[in-house]
Each structure stands twice: as C-alpha cells, then as structure tokens.
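Engineer: Please read through the structure below; I'll follow up with questions.
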Amino acid sequence: MKFRRLLIRLIGSFLMTGISVHLYAQPLPHLLSKLPNGTYTKKDFTIVQGDTIFKKYEKYAFEFSNGDTILLIESYSIKSDWTLSRYIARGDDEEQVGWQQKFDLKGNITFEQFCDTSTGDCNRQVQYSYYPNGNLMARVCFYKHKYDGSSFFYYNDGSFKYHLEYKNGLLWNAHATYDQQGNITDQGDFCDGTGTLNVYAANGVLLKQRIYVRGKLKRTIQIAK
C-alpha cells in the first residue's frame, strides 16, 4: 500500500471515530497500549463498573530514526490478535522496518520478526513461550524457520535455566546451565557442535548425557530416571 494512501486511511478513520468519542463520558485509558501516546483511529469498547474494556482498537504514532520517518501501527482485537507494526516512509511507499511484534491478550510478547530494509530480509524471528503462572519459559531465535542464534530458557519460578546457541538449525554451544537453586552445573565437554552435553533435573540431579557431532544429536545415555 502507498505510504500516503495509508496515512489518508488512518486520518480518515480518526475523523470518523472522533465523533463517537463524545458519546462516552469516561476517557479512554492507555495503560495496556504499546503506543501510550499514539492516536486512536478505530475503537470499540464498553464501560463495566466504571472501567473501560476494549473490544478492539487501532492506533498510530510516528518516530524518527537516522533521518527517516517511522510509522507505528498498533492493532488490538479481543477476538483475534494484538500486533505492533513498523513502517518506513520511502517516498510515497511504505516498507516494514525493524521489529514487527505480536502479543497475547495479557500483553505478553509472543512473536517478533525483524525486517532489514538494507537487504529486504524479514527472516529473523523470535518466539516467546510462558508458564501458566505468566513467567517466561523460553525465548527462542530462528532464521528462515530454523533455530539460529542465542536462545534462553527459564524455570517456572523465573530463575535462569540455560543459554543455547544454534547455527542454521544445529545446536552449537551451551554457554551456561543452572539448577533451580541457582547453582551452575557441569555441562560436559560439548563445544562448537561436538561433544557430550549433560542434562539435569531442576534439583541438580544428572538425568542423561547427549552426544553430538557437528550439531546433530547422535546418541543419548540415560543416567537417572
């Protein structure tokens, strides 16, 4: 979509929805919004016991980076998804730039995709997963849908578990491993994709050893049940 056309759509939406704002005595809070200083272009909400409950909304804002104008668009729907997109103005055109993000309905980030305008590459991705208590379980990096880069894992109480490095889908290094009490564990001689990697229970008991060659798992030795 042409950048100018997108702006016209946003401004047009703002003018149309601006009329309906006055139907509500309570102001729209933006405590959960990813763009707290943005401008609403679409909004659908109800008032429950004095609180504003959004069903959906769309907002936009601008920021400036290295002489470029960046348009940020936040879109929220209680029935579908919550996203934050970034676009760069290149003449009359728009192009995705930087981190494109998705969130769950609690506001936790679940997915990111990085768009590099210098190469046109949008294949760098990060996925986040959470425990039922809301604590972060893992932050895992991908490139072209393969594990790639540094990934971090955590116990359900929020303490750090281990840091793994992947290259093109292959496990390459284990930089740090801890039990749930915060004690560092002996990860074995695994390095640069080859060797023995020790796997522990949360209490520090050695469970198994995994043998890797050039990033590929070749054998697992069970130590304890």
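Here, A, B, ... name the chains of the structure tokens in the order displayed, residue numbers run from 1 inside each chain, and ligands are numbered from 1 in the same displayed order.
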Near Arg86 of chain A, within 6 Å and counting only C-alpha atoms, which residues show up once chain neighbours fewer than 6 positions away are dropped, as a PyMOL selection string?
Structural biologist: chain A and resi 71-72+96-97
Engineer: Can I get the selection written as a compact mmCIF listing (two decimals), in the first residue's frame, with C-alpha atoms?
Structural biologist:
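Now in again36.txt:
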```txt
# COMPACT_ATOMS: atom_id res chain seq x y z
CA LEU A 71 5.13 4.92 11.24
CA LEU A 72 3.99 2.62 14.06
CA GLN A 96 8.19 -2.82 7.00
CA VAL A 97 11.22 -1.98 9.10
```
Engineer: If you run DSSP on the backbone here, which positions in segment 142-194 of chain A get strand (DSSP E or B)? Please write them as number ranges by chain.
Structural biologist: A: 142-143, 146-147, 149-154, 160-167, 170-178, 184, 191, 194
Engineer: I'd like the contact shell of segment 152-165 of chain A - 12 Å cut-off, only C-alpha atoms, skipping same-chain residues fewer than 3 positions apart - returned as a tab-separated table (two decimals) with C-alpha atoms, in the first residue's frame.
Structural biologist:
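Output file out.tsv is given in full below:
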```
chain	number	residue	atom	x	y	z
A	126	VAL	CA	11.97	-14.74	17.88
A	127	GLN	CA	9.29	-16.77	19.65
A	128	TYR	CA	8.38	-16.47	23.33
A	129	SER	CA	6.59	-19.05	25.48
A	130	TYR	CA	5.23	-18.75	29.03
A	131	TYR	CA	4.34	-20.91	32.01
A	132	PRO	CA	0.71	-20.92	33.25
A	133	ASN	CA	1.78	-18.54	36.07
A	134	GLY	CA	2.83	-15.99	33.44
A	135	ASN	CA	6.60	-16.34	33.86
A	136	LEU	CA	8.73	-16.57	30.75
A	137	MET	CA	9.62	-20.14	29.78
A	138	ALA	CA	11.78	-19.56	26.71
A	139	ARG	CA	12.99	-17.00	24.19
A	140	VAL	CA	13.97	-18.88	21.03
A	141	CYS	CA	15.55	-17.39	17.89
A	142	PHE	CA	15.02	-18.57	14.31
A	147	TYR	CA	16.90	-22.48	15.13
A	148	ASP	CA	19.62	-19.86	14.84
A	149	GLY	CA	21.33	-17.55	17.32
A	168	ASN	CA	21.42	-22.97	10.89
A	169	GLY	CA	19.24	-25.40	12.84
A	170	LEU	CA	22.15	-27.13	14.62
A	171	LEU	CA	22.94	-26.96	18.34
A	172	TRP	CA	26.39	-25.36	18.54
A	173	ASN	CA	27.16	-24.28	22.11
A	174	ALA	CA	25.72	-24.40	25.63
A	175	HIS	CA	27.01	-21.27	27.32
A	176	ALA	CA	25.55	-21.63	30.81
A	177	THR	CA	23.37	-24.14	32.67
A	178	TYR	CA	21.94	-23.80	36.19
A	179	ASP	CA	19.78	-25.82	38.55
A	180	GLN	CA	16.72	-24.18	40.12
A	181	GLN	CA	18.70	-23.13	43.20
A	182	GLY	CA	20.99	-21.03	41.00
A	183	ASN	CA	23.97	-23.40	41.12
A	184	ILE	CA	25.94	-23.71	37.90
A	185	THR	CA	26.13	-27.28	36.59
A	186	ASP	CA	28.81	-29.13	34.65
A	187	GLN	CA	27.54	-29.02	31.07
A	190	PHE	CA	30.20	-30.02	24.38
A	191	CYS	CA	31.69	-27.21	22.24
A	192	ASP	CA	31.21	-25.96	18.68
A	193	GLY	CA	28.60	-28.61	17.91
A	197	LEU	CA	26.11	-32.33	26.83
A	198	ASN	CA	24.83	-33.11	30.34
A	199	VAL	CA	21.11	-32.73	31.06
A	200	TYR	CA	19.96	-32.10	34.64
A	201	ALA	CA	16.72	-32.11	36.61
A	202	ALA	CA	15.66	-28.88	38.32
A	203	ASN	CA	17.17	-30.16	41.61
A	204	GLY	CA	20.60	-30.61	40.02
A	215	GLY	CA	25.44	-30.02	15.90
```
Engineer: Figure out the distance between atom CA of Cys115 of chain A and atom CA of Tyr76 of chain A, please, to one decimal in Å.
Structural biologist: 21.3 Å
Engineer: Please, what distance in Å, to one decimal, runs between atom CA of Glu58 of chain A and atom CA of His145 of chain A?
Structural biologist: 29.3 Å
Engineer: Would you kindly return, as a PyMOL selection string, each protein, DNA or RNA residue with an atom no farther than 12 Å from any atom of Thr83 of chain A, considering only C-alpha atoms and excluding same-chain residues fewer than 5 positions away?
Structural biologist: chain A and resi 33-35+56-60+72-78+99-105+107-113
Engineer: With only C-alpha atoms as the counted atoms, please give the residues lying no more than 10 Å from Ile221 of chain A, apart from itself and same-chain residues fewer than 2 positions off, as a PyMOL selection string.
Structural biologist: chain A and resi 196+198+207-211+219+223-224
Engineer: When you draw a straight line from atom CA of Ile53 of chain A to atom CA of Leu84 of chain A, how long is it in Å?
Structural biologist: 19.5 Å
